[in-house]
>>> print(open('upload_5.cif').read())   # mmCIF, C-alpha atoms
data_query
loop_
_atom_site.label_atom_id
_atom_site.label_comp_id
_atom_site.auth_asym_id
_atom_site.auth_seq_id
_atom_site.Cartn_x
_atom_site.Cartn_y
_atom_site.Cartn_z
CA MET A 8 -4.40 21.41 -3.63
CA ALA A 9 -0.74 20.79 -2.81
CA ALA A 10 1.64 23.66 -2.18
CA VAL A 11 3.64 24.02 -5.38
CA ALA A 12 4.79 27.64 -5.22
CA ALA A 13 8.52 28.20 -4.96
CA ALA A 14 9.74 28.71 -1.40
CA LYS A 15 13.05 29.57 0.16
CA PRO A 16 14.94 26.27 0.37
CA THR A 17 15.92 24.98 3.79
CA SER A 18 19.63 25.03 4.52
CA ARG A 19 19.24 21.66 6.22
CA ARG A 20 20.51 18.64 4.29
CA VAL A 21 17.82 16.01 3.83
CA GLY A 22 18.60 12.31 3.74
CA PHE A 23 16.70 9.21 2.68
CA VAL A 24 17.57 5.72 3.89
CA GLY A 25 15.72 3.60 1.37
CA ALA A 26 15.05 4.88 -2.14
CA GLY A 27 11.76 3.30 -3.16
CA ARG A 28 8.74 4.92 -4.71
CA MET A 29 7.54 6.76 -1.62
CA ALA A 30 10.99 8.13 -0.81
CA GLU A 31 11.33 9.32 -4.40
CA ALA A 32 7.87 10.93 -4.26
CA ILE A 33 8.72 12.88 -1.10
CA ALA A 34 12.10 13.97 -2.47
CA GLN A 35 10.56 15.00 -5.77
CA GLY A 36 7.90 17.06 -4.00
CA LEU A 37 10.44 18.85 -1.81
CA ILE A 38 12.64 19.70 -4.79
CA ARG A 39 9.85 20.77 -7.15
CA ALA A 40 8.32 23.06 -4.52
CA GLY A 41 11.70 24.65 -3.82
CA LYS A 42 11.70 23.41 -0.23
CA VAL A 43 15.17 21.93 -0.64
CA GLU A 44 17.81 22.03 -3.35
CA ALA A 45 18.46 18.75 -5.15
CA GLN A 46 22.17 18.73 -4.32
CA GLN A 47 21.23 18.97 -0.62
CA VAL A 48 19.48 15.57 -0.79
CA LEU A 49 21.39 12.35 -0.15
CA ALA A 50 19.79 8.92 -0.59
CA SER A 51 21.06 5.44 0.23
CA ALA A 52 20.03 1.98 -0.94
CA PRO A 53 21.80 -1.39 -1.25
CA THR A 54 21.79 -1.28 -5.08
CA ASP A 55 21.52 1.28 -7.88
CA ARG A 56 18.09 -0.01 -8.98
CA ASN A 57 16.20 2.84 -7.26
CA LEU A 58 19.06 5.28 -6.69
CA CYS A 59 19.09 6.08 -10.42
CA HIS A 60 15.76 7.89 -9.94
CA PHE A 61 17.32 10.11 -7.26
CA ARG A 62 20.30 10.85 -9.49
CA ALA A 63 17.88 11.86 -12.26
CA LEU A 64 16.47 14.47 -9.85
CA GLY A 65 19.98 15.83 -9.28
CA CYS A 66 20.38 14.29 -5.81
CA GLN A 67 23.46 12.71 -4.28
CA THR A 68 23.45 8.94 -3.68
CA THR A 69 25.40 6.38 -1.69
CA HIS A 70 25.29 2.73 -0.67
CA SER A 71 26.18 3.64 2.93
CA ASN A 72 23.33 4.26 5.36
CA GLN A 73 25.73 5.68 7.92
CA GLU A 74 26.98 8.23 5.40
CA VAL A 75 23.43 9.60 5.11
CA LEU A 76 23.27 10.12 8.89
CA GLN A 77 26.74 11.66 8.98
CA SER A 78 25.85 14.12 6.20
CA CYS A 79 22.20 14.99 6.95
CA SER A 80 20.42 16.18 10.09
CA LEU A 81 16.90 15.41 8.79
CA VAL A 82 16.59 11.80 7.65
CA PHE A 83 13.60 9.87 6.28
CA PHE A 84 13.66 6.10 6.82
CA ALA A 85 11.73 4.60 3.90
CA THR A 86 12.74 0.94 4.10
CA LYS A 87 10.45 -2.07 4.28
CA PRO A 88 9.11 -2.44 7.85
CA HIS A 89 10.81 -5.80 8.47
CA VAL A 90 14.18 -4.33 7.42
CA LEU A 91 13.97 -1.18 9.54
CA PRO A 92 15.12 -2.60 12.92
CA ALA A 93 18.39 -3.85 11.39
CA VAL A 94 18.91 -0.53 9.60
CA LEU A 95 18.36 1.44 12.81
CA ALA A 96 20.82 -0.79 14.67
CA GLU A 97 23.35 -0.10 11.90
CA VAL A 98 23.03 3.70 12.04
CA ALA A 99 22.47 4.10 15.80
CA PRO A 100 26.22 4.65 16.54
CA VAL A 101 26.24 7.81 14.37
CA VAL A 102 22.92 9.31 15.56
CA THR A 103 23.41 12.58 17.45
CA ALA A 104 21.27 15.16 19.26
CA GLU A 105 21.20 17.18 16.02
CA HIS A 106 19.22 14.56 14.13
CA ILE A 107 15.51 14.57 13.37
CA LEU A 108 14.57 11.06 12.23
CA VAL A 109 11.34 10.34 10.36
CA SER A 110 10.01 6.84 9.73
CA VAL A 111 7.57 6.21 6.89
CA ALA A 112 7.60 2.45 7.55
CA ALA A 113 4.10 1.14 8.25
CA GLY A 114 3.45 -0.68 11.51
CA VAL A 115 6.64 0.26 13.38
CA SER A 116 5.63 2.15 16.54
CA LEU A 117 7.33 5.21 17.97
CA SER A 118 8.22 3.24 21.11
CA SER A 119 9.93 0.58 18.99
CA LEU A 120 11.85 3.26 17.07
CA GLU A 121 12.94 4.96 20.29
CA GLU A 122 14.08 1.66 21.82
CA LEU A 123 16.32 0.98 18.81
CA LEU A 124 17.96 4.41 18.87
CA PRO A 125 20.06 6.33 21.42
CA PRO A 126 18.22 7.94 24.38
CA ASN A 127 16.44 11.24 23.66
CA THR A 128 16.57 10.81 19.88
CA ARG A 129 13.97 12.96 18.11
CA VAL A 130 11.77 10.55 16.16
CA LEU A 131 8.53 11.01 14.21
CA ARG A 132 6.28 8.72 12.20
CA VAL A 133 4.74 9.82 8.91
CA SER A 134 2.00 7.84 7.21
CA PRO A 135 1.86 8.84 3.52
CA ASN A 136 -0.27 7.53 0.69
CA LEU A 137 0.41 6.87 -2.98
CA PRO A 138 -0.85 10.23 -4.36
CA CYS A 139 2.28 11.77 -2.83
CA VAL A 140 3.74 10.69 -6.19
CA VAL A 141 1.73 13.50 -7.83
CA GLN A 142 2.11 15.89 -4.88
CA GLU A 143 -1.50 15.31 -3.79
CA GLY A 144 -0.90 13.03 -0.83
CA ALA A 145 -2.94 12.81 2.36
CA MET A 146 -0.44 12.35 5.18
CA VAL A 147 -0.48 12.29 8.96
CA LEU A 148 2.44 12.50 11.37
CA ALA A 149 2.88 11.51 15.00
CA ARG A 150 5.66 12.80 17.23
CA GLY A 151 7.88 10.85 19.60
CA ARG A 152 8.46 11.73 23.26
CA HIS A 153 11.44 13.99 22.59
CA VAL A 154 10.00 15.97 19.67
CA GLY A 155 8.85 19.56 20.16
CA SER A 156 6.51 21.80 18.20
CA GLY A 157 9.40 23.26 16.22
CA GLU A 158 10.30 19.94 14.67
CA VAL A 159 6.63 19.18 13.88
CA GLU A 160 6.21 22.57 12.19
CA LEU A 161 9.40 22.06 10.18
CA LEU A 162 8.26 18.67 8.93
CA GLN A 163 4.75 19.85 8.11
CA THR A 164 6.14 22.82 6.18
CA LEU A 165 8.35 20.53 4.14
CA LEU A 166 5.71 17.86 3.52
CA GLU A 167 3.17 20.41 2.30
CA ALA A 168 5.10 20.00 -0.96
CA CYS A 169 3.66 16.48 -1.22
CA GLY A 170 0.06 17.25 -0.26
CA GLN A 171 -1.82 17.66 3.01
CA CYS A 172 -0.06 16.76 6.27
CA GLU A 173 -1.73 16.83 9.69
CA GLU A 174 -0.47 15.90 13.15
CA VAL A 175 -2.42 13.17 14.97
CA PRO A 176 -1.96 10.99 18.06
CA GLU A 177 -0.10 7.82 17.14
CA ALA A 178 -3.23 5.75 17.81
CA GLN A 179 -4.80 7.33 14.72
CA VAL A 180 -1.98 6.40 12.34
CA ASP A 181 -3.42 2.92 11.73
CA ILE A 182 -6.84 4.48 11.09
CA HIS A 183 -5.20 6.72 8.49
CA THR A 184 -3.81 3.60 6.85
CA GLY A 185 -7.32 2.16 6.58
CA LEU A 186 -8.87 5.43 5.44
CA SER A 187 -6.26 6.92 3.12
CA GLY A 188 -3.50 4.40 2.51
CA SER A 189 -5.91 1.63 1.56
CA GLY A 190 -8.54 4.20 0.60
CA VAL A 191 -6.72 4.89 -2.67
CA ALA A 192 -7.64 1.37 -3.79
CA PHE A 193 -11.23 1.80 -2.58
CA VAL A 194 -11.59 5.00 -4.59
CA CYS A 195 -10.12 3.28 -7.65
CA VAL A 196 -12.75 0.54 -7.37
CA PHE A 197 -15.50 3.19 -7.20
CA SER A 198 -14.03 5.07 -10.17
CA GLU A 199 -13.88 1.83 -12.13
CA ALA A 200 -17.48 1.02 -11.25
CA LEU A 201 -18.66 4.52 -12.25
CA ALA A 202 -16.98 4.15 -15.63
CA GLU A 203 -18.31 0.63 -16.18
CA GLY A 204 -21.83 1.87 -15.56
CA ALA A 205 -21.36 4.40 -18.34
CA ILE A 206 -19.78 1.76 -20.59
CA LYS A 207 -22.80 -0.48 -20.01
CA MET A 208 -24.99 2.39 -21.21
CA GLY A 209 -22.94 2.83 -24.38
CA MET A 210 -20.09 5.27 -23.65
CA PRO A 211 -16.61 4.39 -25.03
CA SER A 212 -14.34 2.93 -22.34
CA GLY A 213 -11.51 5.48 -22.48
CA LEU A 214 -13.89 8.42 -22.32
CA ALA A 215 -15.87 6.87 -19.46
CA HIS A 216 -12.76 6.31 -17.33
CA ARG A 217 -11.47 9.84 -17.99
CA ILE A 218 -14.78 11.42 -17.02
CA ALA A 219 -15.10 9.24 -13.91
CA ALA A 220 -11.62 10.25 -12.72
CA GLN A 221 -12.28 13.93 -13.43
CA THR A 222 -15.58 13.70 -11.54
CA LEU A 223 -13.72 12.39 -8.48
CA LEU A 224 -11.07 15.12 -8.80
CA GLY A 225 -13.59 17.93 -9.17
CA THR A 226 -15.71 16.68 -6.28
CA ALA A 227 -12.66 16.39 -4.01
CA LYS A 228 -11.59 19.93 -4.85
CA MET A 229 -15.05 21.28 -4.05
CA LEU A 230 -15.13 19.48 -0.70
CA LEU A 231 -11.69 20.77 0.28
CA GLN A 232 -12.13 24.33 -0.97
CA LYS A 233 -15.61 24.85 0.48
CA GLY A 234 -14.94 22.92 3.70
CA GLN A 235 -18.45 21.48 3.53
CA HIS A 236 -19.72 18.16 4.85
CA PRO A 237 -20.16 15.83 1.84
CA ALA A 238 -23.87 15.52 2.62
CA LEU A 239 -24.38 19.20 1.81
CA LEU A 240 -22.77 18.89 -1.62
CA ARG A 241 -24.75 15.71 -2.26
CA THR A 242 -27.96 17.59 -1.43
CA ASP A 243 -27.03 20.35 -3.90
CA VAL A 244 -26.85 17.79 -6.71
CA CYS A 245 -29.96 15.90 -5.69
CA THR A 246 -33.21 17.44 -7.04
CA PRO A 247 -36.65 15.98 -6.21
CA GLY A 248 -37.60 13.26 -8.67
CA GLY A 249 -34.36 13.73 -10.63
CA THR A 250 -31.68 11.38 -11.94
CA THR A 251 -29.41 11.60 -8.89
CA ILE A 252 -31.93 10.53 -6.27
CA HIS A 253 -32.80 7.48 -8.37
CA GLY A 254 -29.12 6.60 -8.62
CA LEU A 255 -28.56 7.16 -4.90
CA HIS A 256 -31.46 4.84 -4.13
CA ALA A 257 -29.72 2.14 -6.19
CA LEU A 258 -26.47 2.70 -4.27
CA GLU A 259 -28.28 2.39 -0.93
CA GLN A 260 -29.95 -0.83 -2.11
CA GLY A 261 -26.51 -2.15 -3.00
CA GLY A 262 -25.14 -1.35 0.46
CA LEU A 263 -22.39 1.01 -0.77
CA ARG A 264 -22.24 3.06 2.45
CA ALA A 265 -22.04 0.06 4.80
CA ALA A 266 -19.59 -1.79 2.54
CA THR A 267 -17.27 1.23 2.43
CA MET A 268 -17.36 1.69 6.21
CA SER A 269 -16.61 -2.03 6.63
CA ALA A 270 -13.69 -1.78 4.19
CA VAL A 271 -12.07 1.03 6.22
CA GLU A 272 -12.69 -0.92 9.42
CA ALA A 273 -11.18 -4.12 7.99
CA ALA A 274 -8.09 -2.32 6.66
CA THR A 275 -7.60 -0.48 9.96
CA CYS A 276 -7.90 -3.72 11.97
CA ARG A 277 -5.33 -5.36 9.72
CA ALA A 278 -2.98 -2.38 10.16
CA LYS A 279 -3.33 -2.67 13.96
CA GLU A 280 -2.67 -6.41 13.74
CA LEU A 281 0.50 -5.82 11.71
CA SER A 282 1.63 -3.13 14.19
CA ARG A 283 1.38 -5.64 17.07
CA LYS A 284 3.66 -8.01 15.19
#
>>> encode(input="upload_5.cif", output="structure tokens")
Amino acid sequence: MAAVAAAKPTSRRVGFVGAGRMAEAIAQGLIRAGKVEAQQVLASAPTDRNLCHFRALGCQTTHSNQEVLQSCSLVFFATKPHVLPAVLAEVAPVVTAEHILVSVAAGVSLSSLEELLPPNTRVLRVSPNLPCVVQEGAMVLARGRHVGSGEVELLQTLLEACGQCEEVPEAQVDIHTGLSGSGVAFVCVFSEALAEGAIKMGMPSGLAHRIAAQTLLGTAKMLLQKGQHPALLRTDVCTPGGTTIHGLHALEQGGLRAATMSAVEAATCRAKELSRK
């Protein structure tokens, strides 16, 4: 599903301000897919606690955020949202017209980023999700006022190494958080429930959880490869009077569809609320 074939590495140095799990996942994807050479990556963090993971990938590390900006023209900001304004204020004096700056911090708007940086700075927001760790992420990006199609295409080409990446209006970034960021947890609950149903009927726990996860993986691949609406695939599985229609009836009685829609709505509303803060 993710692009994993070797590609000609970009000559552009790539920087990371913040070295947590998501930053590591993006860096790992770029390096494994051959999008960038490890020695062309420079990451900064206050301590060595997370930088050791970057060094294990063969990347360069530093404790200076400004050094990342001075060495790299494409920089991902992967700090905690409440820390980001102070970090941007720190690096603003060394930001130039050559930089492309990408924030993966949830809830920090493009307008806020642009206000904290020099005029005309090229800024984008990327909303990733946890499966980026295994190069199967579902990501969206939104461009700032001074970003052109070339920068968007560059970023999408690079982030293909971590999964699927689509451009959206910024207003849809919070919806992506509710659908895909939080959706990982929703899918895990469903996988757990599938397995527990099988355990209740007598299947060993480990086997049940493995089969449930593989069922989700196989179904997702079919949906993506065929490009079908899920209802069509569901109909293919559902024979008159068979096992599936009886199970689907039970799911409808339990309100699965409405509960799932409400979960995405609640998570999206919370994301919007956090963005306003």
>>> resolve_selection(input="upload_5.cif", expression="the PyMOL selection byres ((chain A and resi 26-36) around 9)", output="ChimeraX atom specification")
/A:11,21,23-25,37-43,45,48,50-52,56-58,60-61,64,66,83-86,111,135-142,165-170
>>> atom_distance(input="upload_5.cif", atom1="CA of Ala273 (chain A)", atom2="CA of Gly185 (chain A)")
7.5 Å
>>> atom_distance(input="upload_5.cif", atom1="CA of Leu230 (chain A)", atom2="CA of Asp243 (chain A)")
12.4 Å
>>> closest_residue(input="upload_5.cif", among="A:Leu201, A:Ile218, A:Val191, A:Ile182", to="Cys276 (chain A)", atoms="all atoms listed in the file")
A:Ile182
>>> atom_distance(input="upload_5.cif", atom1="CA of Val244 (chain A)", atom2="CA of Leu258 (chain A)")
15.3 Å
>>> resolve_selection(input="upload_5.cif", expression="the PyMOL selection byres ((chain A and resi 194) around 12)", output="PyMOL selection string")
chain A and resi 138+186-193+195-201+219-220+222-224+227+267+270-271
>>> residues_around(input="upload_5.cif", residues="Ala112 (chain A)", least_positions_apart="2", cutoff="7 Å", atoms="all atoms listed in the file", output="ChimeraX atom specification")
/A:85-88,110,114-115
>>> closest_residue(input="upload_5.cif", among="A:Glu173, A:Glu203, A:Glu158, A:Glu280", to="Glu105 (chain A)", atoms="only C-alpha atoms")
A:Glu158
>>> closest_residue(input="upload_5.cif", among="A:Thr251, A:Ser18, A:Ser71, A:Thr184", to="Ala113 (chain A)", atoms="only C-alpha atoms")
A:Thr184
>>> resolve_selection(input="upload_5.cif", expression="the PyMOL selection byres ((chain A and resi 81) around 8)", output="VMD selection string")
chain A and resid 19 to 22 79 to 80 82 to 83 106 to 109
>>> closest_residue(input="upload_5.cif", among="A:Thr68, A:Ser116, A:Gln73, A:Thr226", to="Val98 (chain A)", atoms="all atoms listed in the file")
A:Gln73
>>> decode(input="upload_5.cif", residues="region 199-211 of chain A", atoms="all heavy atoms", output="JSON list (two decimals), in the first residue's frame")
[["chain", "number", "residue", "atom", "x", "y", "z"],
["A", 199, "GLU", "N", -10.62, -5.72, 18.45],
["A", 199, "GLU", "CA", -10.70, -6.39, 19.75],
["A", 199, "GLU", "C", -12.05, -7.07, 19.93],
["A", 199, "GLU", "O", -12.14, -8.23, 20.38],
["A", 199, "GLU", "CB", -10.46, -5.35, 20.85],
["A", 199, "GLU", "CG", -10.38, -5.92, 22.25],
["A", 199, "GLU", "CD", -10.13, -4.83, 23.28],
["A", 199, "GLU", "OE1", -10.30, -3.62, 22.95],
["A", 199, "GLU", "OE2", -9.79, -5.17, 24.42],
["A", 200, "ALA", "N", -13.11, -6.38, 19.54],
["A", 200, "ALA", "CA", -14.45, -6.94, 19.69],
["A", 200, "ALA", "C", -14.65, -8.15, 18.77],
["A", 200, "ALA", "O", -15.26, -9.15, 19.16],
["A", 200, "ALA", "CB", -15.50, -5.87, 19.38],
["A", 201, "LEU", "N", -14.15, -8.07, 17.52],
["A", 201, "LEU", "CA", -14.22, -9.21, 16.61],
["A", 201, "LEU", "C", -13.56, -10.43, 17.24],
["A", 201, "LEU", "O", -14.13, -11.54, 17.26],
["A", 201, "LEU", "CB", -13.50, -8.89, 15.30],
["A", 201, "LEU", "CG", -14.25, -8.17, 14.18],
["A", 201, "LEU", "CD1", -13.29, -7.96, 13.01],
["A", 201, "LEU", "CD2", -15.47, -8.95, 13.73],
["A", 202, "ALA", "N", -12.35, -10.23, 17.76],
["A", 202, "ALA", "CA", -11.60, -11.34, 18.35],
["A", 202, "ALA", "C", -12.32, -11.90, 19.57],
["A", 202, "ALA", "O", -12.39, -13.12, 19.76],
["A", 202, "ALA", "CB", -10.19, -10.88, 18.72],
["A", 203, "GLU", "N", -12.88, -11.01, 20.40],
["A", 203, "GLU", "CA", -13.54, -11.48, 21.62],
["A", 203, "GLU", "C", -14.80, -12.28, 21.30],
["A", 203, "GLU", "O", -15.16, -13.20, 22.04],
["A", 203, "GLU", "CB", -13.84, -10.29, 22.54],
["A", 203, "GLU", "CG", -12.58, -9.75, 23.19],
["A", 203, "GLU", "CD", -12.82, -8.52, 24.06],
["A", 203, "GLU", "OE1", -13.92, -7.92, 23.94],
["A", 203, "GLU", "OE2", -11.92, -8.16, 24.83],
["A", 204, "GLY", "N", -15.45, -11.94, 20.18],
["A", 204, "GLY", "CA", -16.59, -12.75, 19.75],
["A", 204, "GLY", "C", -16.15, -14.17, 19.44],
["A", 204, "GLY", "O", -16.84, -15.14, 19.80],
["A", 205, "ALA", "N", -15.01, -14.29, 18.75],
["A", 205, "ALA", "CA", -14.49, -15.61, 18.42],
["A", 205, "ALA", "C", -14.02, -16.35, 19.68],
["A", 205, "ALA", "O", -14.21, -17.57, 19.81],
["A", 205, "ALA", "CB", -13.34, -15.49, 17.42],
["A", 206, "ILE", "N", -13.42, -15.60, 20.62],
["A", 206, "ILE", "CA", -12.98, -16.22, 21.87],
["A", 206, "ILE", "C", -14.19, -16.76, 22.64],
["A", 206, "ILE", "O", -14.16, -17.87, 23.20],
["A", 206, "ILE", "CB", -12.19, -15.19, 22.72],
["A", 206, "ILE", "CG1", -10.88, -14.82, 22.02],
["A", 206, "ILE", "CG2", -11.92, -15.74, 24.12],
["A", 206, "ILE", "CD1", -10.22, -13.58, 22.59],
["A", 207, "LYS", "N", -15.26, -15.98, 22.65],
["A", 207, "LYS", "CA", -16.49, -16.43, 23.32],
["A", 207, "LYS", "C", -16.99, -17.74, 22.73],
["A", 207, "LYS", "O", -17.53, -18.60, 23.45],
["A", 207, "LYS", "CB", -17.57, -15.34, 23.19],
["A", 207, "LYS", "CG", -18.90, -15.71, 23.85],
["A", 207, "LYS", "CD", -19.93, -14.60, 23.67],
["A", 207, "LYS", "CE", -21.25, -15.00, 24.33],
["A", 207, "LYS", "NZ", -22.30, -13.96, 24.11],
["A", 208, "MET", "N", -16.79, -17.91, 21.42],
["A", 208, "MET", "CA", -17.27, -19.12, 20.76],
["A", 208, "MET", "C", -16.26, -20.27, 20.81],
["A", 208, "MET", "O", -16.50, -21.35, 20.26],
["A", 208, "MET", "CB", -17.62, -18.81, 19.30],
["A", 208, "MET", "CG", -18.70, -17.75, 19.13],
["A", 208, "MET", "SD", -20.17, -18.02, 20.16],
["A", 208, "MET", "CE", -20.80, -19.55, 19.46],
["A", 209, "GLY", "N", -15.11, -20.03, 21.47],
["A", 209, "GLY", "CA", -14.18, -21.13, 21.72],
["A", 209, "GLY", "C", -12.83, -21.07, 21.03],
["A", 209, "GLY", "O", -12.02, -21.98, 21.18],
["A", 210, "MET", "N", -12.54, -20.02, 20.29],
["A", 210, "MET", "CA", -11.24, -19.92, 19.61],
["A", 210, "MET", "C", -10.18, -19.41, 20.58],
["A", 210, "MET", "O", -10.45, -18.51, 21.38],
["A", 210, "MET", "CB", -11.33, -18.98, 18.40],
["A", 210, "MET", "CG", -10.03, -18.87, 17.61],
["A", 210, "MET", "SD", -10.19, -17.85, 16.11],
["A", 210, "MET", "CE", -11.05, -18.99, 15.02],
["A", 211, "PRO", "N", -8.94, -19.93, 20.54],
["A", 211, "PRO", "CA", -7.87, -19.42, 21.39],
["A", 211, "PRO", "C", -7.62, -17.93, 21.15],
["A", 211, "PRO", "O", -7.72, -17.45, 20.01],
["A", 211, "PRO", "CB", -6.65, -20.25, 20.98],
["A", 211, "PRO", "CG", -7.22, -21.50, 20.41],
["A", 211, "PRO", "CD", -8.51, -21.10, 19.74]]
